[in-house]
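Text of the file final05.txt, holding compact mmCIF, C-alpha atoms:
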```txt
# COMPACT_ATOMS: atom_id res chain seq x y z
CA MET A 13 156.05 44.60 -48.90
CA ALA A 14 155.87 46.41 -45.57
CA ARG A 15 158.42 49.15 -45.02
CA THR A 16 160.79 49.15 -42.06
CA LEU A 17 160.35 51.74 -39.32
CA ARG A 18 163.52 53.51 -40.43
CA GLN A 19 162.22 53.73 -44.00
CA ILE A 20 158.96 55.21 -42.73
CA LEU A 21 160.83 57.86 -40.73
CA LYS A 22 162.87 58.93 -43.78
CA ASP A 23 159.91 59.23 -46.17
CA ASN A 24 157.51 62.18 -45.79
CA ASN A 25 154.93 60.29 -47.86
CA ARG A 26 153.91 58.08 -44.93
CA THR A 27 150.44 56.86 -44.02
CA GLY A 28 148.56 57.26 -40.75
CA THR A 29 148.96 53.55 -40.09
CA GLU A 30 152.71 53.72 -40.65
CA LEU A 31 153.09 56.67 -38.30
CA GLY A 32 150.90 54.79 -35.85
CA LEU A 33 153.41 51.92 -35.90
CA ILE A 34 156.13 54.44 -35.11
CA ILE A 35 154.43 55.53 -31.89
CA MET A 36 153.87 51.89 -30.90
CA GLU A 37 157.62 51.33 -31.34
CA LYS A 38 158.16 54.44 -29.21
CA LEU A 39 156.02 52.79 -26.53
CA ARG A 40 158.22 49.70 -26.63
CA ASN A 41 161.28 51.92 -26.26
CA GLN A 42 159.76 53.58 -23.19
CA ILE A 43 158.86 50.31 -21.47
CA GLN A 44 162.25 48.72 -22.11
CA GLY A 45 164.27 51.85 -21.31
CA GLU A 46 165.74 52.16 -24.81
CA PRO A 47 166.52 55.35 -26.78
CA LEU A 48 163.29 56.60 -28.37
CA ILE A 49 162.91 55.98 -32.09
CA VAL A 50 161.44 59.47 -32.45
CA SER A 51 161.02 62.52 -30.19
CA ASP A 52 157.62 63.94 -29.28
CA LYS A 53 158.49 67.13 -31.16
CA ASP A 54 159.40 65.30 -34.37
CA LEU A 55 156.30 63.11 -34.05
CA THR A 56 154.10 66.22 -33.86
CA VAL A 57 155.73 67.60 -37.01
CA MET A 58 155.20 64.32 -38.87
CA ALA A 59 151.56 64.10 -37.79
CA LYS A 60 150.84 67.59 -39.15
CA LYS A 61 151.98 66.47 -42.61
CA LEU A 62 149.28 63.79 -42.79
CA SER A 63 146.08 64.35 -44.73
CA PRO A 64 142.90 64.68 -42.61
CA GLU A 65 141.91 61.12 -43.49
CA GLU A 66 145.32 59.70 -42.62
CA TYR A 67 145.48 61.80 -39.45
CA GLY A 68 142.21 60.21 -38.36
CA ILE A 69 143.83 56.77 -38.67
CA PHE A 70 146.91 57.97 -36.79
CA ALA A 71 144.70 59.36 -34.01
CA LEU A 72 143.31 55.85 -33.49
CA TYR A 73 146.84 54.56 -32.88
CA GLU A 74 147.42 57.42 -30.43
CA THR A 75 144.36 56.25 -28.51
CA ILE A 76 145.65 52.66 -28.52
CA TYR A 77 149.01 53.94 -27.28
CA SER A 78 147.44 55.83 -24.35
CA SER A 79 145.07 52.99 -23.46
CA VAL A 80 147.73 50.28 -23.46
CA LEU A 81 150.16 52.44 -21.46
CA ASN A 82 147.47 53.19 -18.85
CA ILE A 83 146.71 49.47 -18.51
CA TYR A 84 150.40 48.64 -18.17
CA ASN A 85 150.92 51.26 -15.43
CA PHE A 86 147.80 50.18 -13.55
CA SER A 87 148.87 46.54 -13.81
CA ARG A 88 152.17 47.44 -12.18
CA GLN A 89 150.27 48.78 -9.16
CA THR A 90 148.10 45.65 -9.16
CA VAL A 91 151.21 43.46 -9.00
CA PHE A 92 152.14 45.23 -5.77
CA LYS A 93 148.65 44.47 -4.40
CA PHE A 94 149.22 40.78 -5.05
CA TYR A 95 152.55 40.73 -3.23
CA ALA A 96 151.19 42.78 -0.31
CA SER A 97 148.23 40.39 0.11
CA HIS A 98 150.38 37.28 -0.28
CA ASN A 99 152.96 38.52 2.23
CA ALA A 100 150.24 39.51 4.72
CA LEU A 101 148.80 35.97 4.64
CA ILE A 102 152.24 34.41 5.13
CA ALA A 103 152.89 36.74 8.08
CA MET A 104 149.54 35.89 9.72
CA GLU A 105 150.13 32.17 9.33
CA ASP A 106 153.65 32.42 10.76
CA LYS A 107 152.38 34.37 13.78
CA ILE A 108 149.73 31.70 14.41
CA LYS A 109 152.43 29.01 14.28
CA ILE A 110 154.63 30.94 16.72
CA LEU A 111 151.69 31.23 19.11
CA GLU A 112 150.89 27.53 18.80
CA PHE A 113 154.49 26.47 19.41
CA SER A 114 154.77 28.87 22.35
CA ARG A 115 151.68 27.44 24.03
CA ALA A 116 152.84 23.87 23.46
CA GLU A 117 156.35 24.48 24.85
CA GLU A 118 156.67 24.40 28.63
CA ASN A 119 159.99 26.20 28.94
CA VAL A 120 159.13 29.49 27.22
CA PRO A 121 160.10 32.39 29.52
CA GLU A 122 157.04 34.18 30.89
CA ARG A 123 158.13 37.54 29.52
CA LEU A 124 158.53 36.09 26.00
CA SER A 125 155.27 34.17 26.31
CA SER A 126 153.42 37.35 27.28
CA LEU A 127 154.92 39.18 24.29
CA ILE A 128 153.89 36.41 21.89
CA GLU A 129 150.35 36.36 23.33
CA ARG A 130 150.10 40.10 22.79
CA ILE A 131 151.36 40.31 19.19
CA CYS A 132 150.23 36.98 17.70
CA PRO A 133 146.54 36.59 16.77
CA THR A 134 144.37 33.57 17.44
CA PHE A 135 142.09 31.85 14.93
CA SER A 136 139.04 33.44 16.53
CA GLU A 137 140.57 36.91 16.20
CA LEU A 138 141.27 36.31 12.50
CA GLN A 139 137.86 34.81 11.76
CA GLY A 140 136.40 36.69 8.78
CA LYS A 141 139.43 38.99 8.51
CA THR A 142 141.45 37.01 5.95
CA LYS A 143 138.63 36.79 3.40
CA GLU A 144 139.32 40.29 2.07
CA THR A 145 143.06 39.62 1.87
CA TYR A 146 142.57 36.44 -0.15
CA GLU A 147 140.12 38.10 -2.51
CA MET A 148 142.43 41.09 -3.00
CA MET A 149 145.17 38.65 -3.99
CA PHE A 150 142.82 36.73 -6.31
CA ASP A 151 141.52 39.95 -7.88
CA ALA A 152 145.08 41.04 -8.61
CA ILE A 153 145.86 37.79 -10.45
CA SER A 154 142.62 37.83 -12.42
CA PHE A 155 143.13 41.48 -13.42
CA ILE A 156 146.66 40.81 -14.67
CA GLU A 157 145.51 37.75 -16.63
CA ALA A 158 142.61 39.73 -18.12
CA SER A 159 144.75 42.77 -18.97
CA ASN A 160 147.34 40.52 -20.64
CA THR A 161 144.55 39.02 -22.76
CA PHE A 162 143.07 42.44 -23.56
CA ILE A 163 146.40 43.86 -24.75
CA ARG A 164 147.33 40.74 -26.71
CA LEU A 165 144.02 40.59 -28.58
CA LEU A 166 143.90 44.34 -29.17
CA LEU A 167 147.40 44.46 -30.67
CA CYS A 168 146.71 41.36 -32.75
CA HIS A 169 143.49 42.90 -34.11
CA PHE A 170 145.44 45.92 -35.39
CA SER A 171 148.45 43.83 -36.51
CA ILE A 172 150.77 45.56 -34.06
CA SER A 173 153.74 43.37 -33.17
CA GLY A 174 156.84 43.65 -31.00
CA LEU A 175 155.08 44.62 -27.76
CA ASN A 176 155.47 41.39 -25.78
CA CYS A 177 157.05 43.58 -23.09
CA MET A 178 153.53 44.79 -22.23
CA GLN A 179 152.62 41.31 -20.95
CA TYR A 180 153.17 40.60 -17.27
CA ASN A 181 154.60 37.17 -16.47
CA THR A 182 152.13 35.53 -14.08
CA ASP A 183 154.22 32.38 -13.54
CA ASP A 184 155.70 33.93 -10.40
CA PHE A 185 152.19 34.42 -9.00
CA TYR A 186 151.33 30.75 -9.30
CA SER A 187 154.70 29.74 -7.87
CA LEU A 188 154.04 31.92 -4.82
CA LEU A 189 150.52 30.51 -4.47
CA ASN A 190 152.09 27.03 -4.26
CA LYS A 191 154.51 28.22 -1.59
CA LEU A 192 151.68 29.86 0.33
CA ASN A 193 149.75 26.60 0.21
CA GLU A 194 152.77 24.71 1.52
CA ASN A 195 152.92 27.17 4.40
CA THR A 196 149.20 26.73 5.00
CA HIS A 197 149.47 22.93 5.13
CA SER A 198 152.38 23.29 7.56
CA LEU A 199 150.02 25.31 9.76
CA TYR A 200 147.28 22.68 9.46
CA LYS A 201 149.79 20.09 10.65
CA ALA A 202 150.98 22.26 13.53
CA VAL A 203 147.51 22.69 15.06
CA GLY A 204 146.58 18.99 14.96
CA ASP A 205 142.94 18.30 15.77
CA ARG A 206 142.10 22.04 15.57
CA VAL A 207 142.66 22.00 11.79
CA GLY A 208 139.01 22.93 11.26
CA GLU A 209 139.66 26.31 12.91
CA ALA A 210 142.68 26.82 10.68
CA LYS A 211 140.76 25.98 7.49
CA ALA A 212 138.02 28.44 8.42
CA VAL A 213 140.63 31.22 8.35
CA PHE A 214 143.30 30.07 5.89
CA MET A 215 142.15 28.69 2.54
CA ASP A 216 143.43 25.39 1.15
CA LEU A 217 144.77 26.34 -2.30
CA GLU A 218 145.54 22.76 -3.34
CA GLU A 219 143.14 22.82 -6.28
CA THR A 220 143.82 26.39 -7.41
CA GLU A 221 144.98 26.47 -11.04
CA ARG A 222 145.77 29.03 -13.72
CA LYS A 223 142.37 28.42 -15.32
CA ASP A 224 140.71 29.71 -12.14
CA PHE A 225 141.93 33.21 -13.03
CA SER A 226 142.43 33.19 -16.81
CA PRO A 227 139.60 34.56 -19.00
CA GLU A 228 137.10 31.91 -20.03
CA THR A 229 136.73 30.93 -23.70
CA LYS A 230 133.20 32.34 -23.80
CA LYS A 231 134.35 35.72 -22.48
CA ILE A 232 137.22 35.87 -24.98
CA SER A 233 134.83 35.10 -27.83
CA GLU A 234 132.48 37.83 -26.63
CA PHE A 235 135.37 40.28 -26.37
CA LYS A 236 136.57 39.50 -29.90
CA GLU A 237 133.05 40.20 -31.16
CA PHE A 238 133.08 43.63 -29.50
CA LEU A 239 136.54 44.32 -30.91
CA ARG A 240 135.42 43.36 -34.41
CA ASN A 241 132.28 45.52 -34.34
CA GLU A 242 133.13 48.37 -31.96
CA PRO A 243 136.93 48.79 -31.80
CA ASN A 244 136.76 52.45 -30.76
CA ARG A 245 134.47 51.64 -27.85
CA VAL A 246 136.75 48.80 -26.72
CA ILE A 247 139.84 51.02 -26.81
CA LYS A 248 138.24 54.01 -25.07
CA ASN A 249 136.63 51.84 -22.36
CA SER A 250 139.51 49.45 -21.85
CA PHE A 251 139.07 48.90 -18.11
CA SER A 252 135.39 48.02 -18.55
CA PHE A 253 136.34 45.36 -21.09
CA ILE A 254 139.12 44.06 -18.85
CA MET A 255 136.45 43.58 -16.18
CA LEU A 256 134.44 41.65 -18.77
CA LEU A 257 137.41 39.31 -19.26
CA GLN A 258 138.16 38.84 -15.56
CA ASN A 259 137.52 35.42 -14.07
CA LYS A 260 136.69 35.99 -10.40
CA LYS A 261 137.61 33.52 -7.68
CA ALA A 262 136.26 33.96 -4.17
CA PHE A 263 137.56 32.90 -0.77
CA LYS A 264 135.83 29.72 0.34
CA GLU A 265 135.71 28.67 3.95
CA ALA A 266 136.12 24.97 4.67
CA LYS A 267 132.84 23.17 5.34
```
Rendering of file as structure tokens:
Amino acid sequence: MARTLRQILKDNNRTGTELGLIIMEKLRNQIQGEPLIVSDKDLTVMAKKLSPEEYGIFALYETIYSSVLNIYNFSRQTVFKFYASHNALIAMEDKIKILEFSRAEENVPERLSSLIERICPTFSELQGKTKETYEMMFDAISFIEASNTFIRLLLCHFSISGLNCMQYNTDDFYSLLNKLNENTHSLYKAVGDRVGEAKAVFMDLEETERKDFSPETKKISEFKEFLRNEPNRVIKNSFSFIMLLQNKKAFKEAK
């Protein structure tokens, strides 16, 4: 029967795996802003009491700890990239709509009309410039999906539980993609027979689904094989294996 974390802390006759579970609980405490189960100083003292063989096992958990924390912190930055890209596309679309409405309305004051013409881009000015923004947004989603999969499979492989807090909820991403697409279709409607120009700049996301960004079954199977045969390599080269899991989606101009 597995011992509780508190029992492990009280008993000096602990294994490297058990102490490894302690630092994984410490990671959960950090992420969720809870009091730490053990201090760094006490952890160092406990580690020194392990035999060389058990310390080697504990060191593996230390590497997992560092790797997973690095992924989590990088994913946080990637989330910001998604929001920045999404918001930039919304802003560009709204400026186009303002320009279109201004040109269609006869009673816009000349001073306001001149200001709108100066600050709002045209389709021709945006041609080719939104591609990078879309792909930055898509790359952010695919990285988060891949990193979630990496962490989940890694922790499962080593029977480490209780770290669901390391998973980023991507539901909000897909909800915002739907709202972006609604905004895009509103723009298509606003420009009437010039919708072809709009579609060349702003992508129709109607058919975009979670599977377009989630790791493919074949890639997951390949990753599990690496994890089974070369766990140390997978842990130490985590970002390379996240790239292996990523499912890339590119910006596609309307034909």
**Item:** Contacts of range 41-51 of chain A within 9 Å, all atoms listed in the file, excl. fewer than 2 positions in-chain, as a ChimeraX atom specification
**Value:** /A:17-18,21,34-39,53-56,81,177-178
Produce a table with one row for each residue of range 39-95 of chain A that has an atom at most 8 Å from any atom of range 235-253 of chain A, each row naming the nearest atom pair and its distance in Å at one decimal; use all atoms listed in the file; arrange rows by chain and rising residue number; format as JSON lines.
```
{"residue": "A:Leu72", "atom": "CA", "partner": "A:Asn244", "partner_atom": "CA", "distance": 7.9}
{"residue": "A:Thr75", "atom": "CA", "partner": "A:Ile247", "partner_atom": "CA", "distance": 7.1}
{"residue": "A:Ile76", "atom": "CA", "partner": "A:Ile247", "partner_atom": "CA", "distance": 6.3}
{"residue": "A:Ser79", "atom": "CA", "partner": "A:Ile247", "partner_atom": "CA", "distance": 6.5}
{"residue": "A:Ile83", "atom": "CA", "partner": "A:Phe251", "partner_atom": "CA", "distance": 7.7}
```
Generate a file of the selected residues that holds C-alpha atoms, formatted as a CSV table (one decimal), in the frame of the given file.
```
chain,number,residue,atom,x,y,z
A,72,LEU,CA,143.3,55.8,-33.5
A,75,THR,CA,144.4,56.2,-28.5
A,76,ILE,CA,145.6,52.7,-28.5
A,79,SER,CA,145.1,53.0,-23.5
A,83,ILE,CA,146.7,49.5,-18.5
```
**Message:** I'd like the neighbourhood of range 119-132 of chain A as a list in words, where a residue qualifies if any of its atoms comes within 7 Å (using all atoms listed in the file), though same-chain residues fewer than 5 positions away should be ignored.
**Reply:** Lys107, Ile108, Leu111 and Ser114 of chain A
**Request:** Mind giving me the straight-line distance from CA of Ser136 in chain A to CA of Ala100 in chain A in Å, one decimal?
**Result:**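 Calculated distance between CA of Ser136 in chain A and CA of Ala100 in chain A is 17.4 Å.
With CA of Leu257 in chain A on one side and CA of Arg88 in chain A on the other, the separation reads 18.3 Å.
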**Asked** Leaving out Met104 in chain A and any residue of its chain fewer than 5 positions from it, which residues lie within 12 Å of it when counting only C-alpha atoms, given as a PyMOL selection string?
**Response** chain A and resi 97-99+109-111+131-135+137-139+141-142+145+192+195-196+199+210+213-214
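CA of Asn82 in chain A is positioned 27.0 Å from CA of Leu189 in chain A.
Candidate residues A:Lys211, A:His169, A:Arg15, A:Lys201 were compared for distance to Lys143 in chain A, and the nearest is A:Lys211, using all atoms listed in the file.
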**Asked** Within 9 Å of Ser87 in chain A, counting all atoms listed in the file, which residues qualify if same-chain residues fewer than 6 places away don't, as a list of chain:residue names?
**Response**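 The residues that qualify are A:Ala152, A:Phe155, A:Ile156, A:Ser159, A:Tyr180.
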**Residue nearest Arg206 in chain A among A:Met148, A:Pro227, A:Tyr186, A:Glu112 (counting all atoms listed in the file)** =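 Smallest distance to Arg206 in chain A is found for A:Glu112.
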**Request:** Find the residue from A:Phe162, A:Phe225, A:Tyr200, A:Phe150 that sits nearest to Phe94 in chain A; use all atoms listed in the file when measuring.
**Result:** A:Phe150
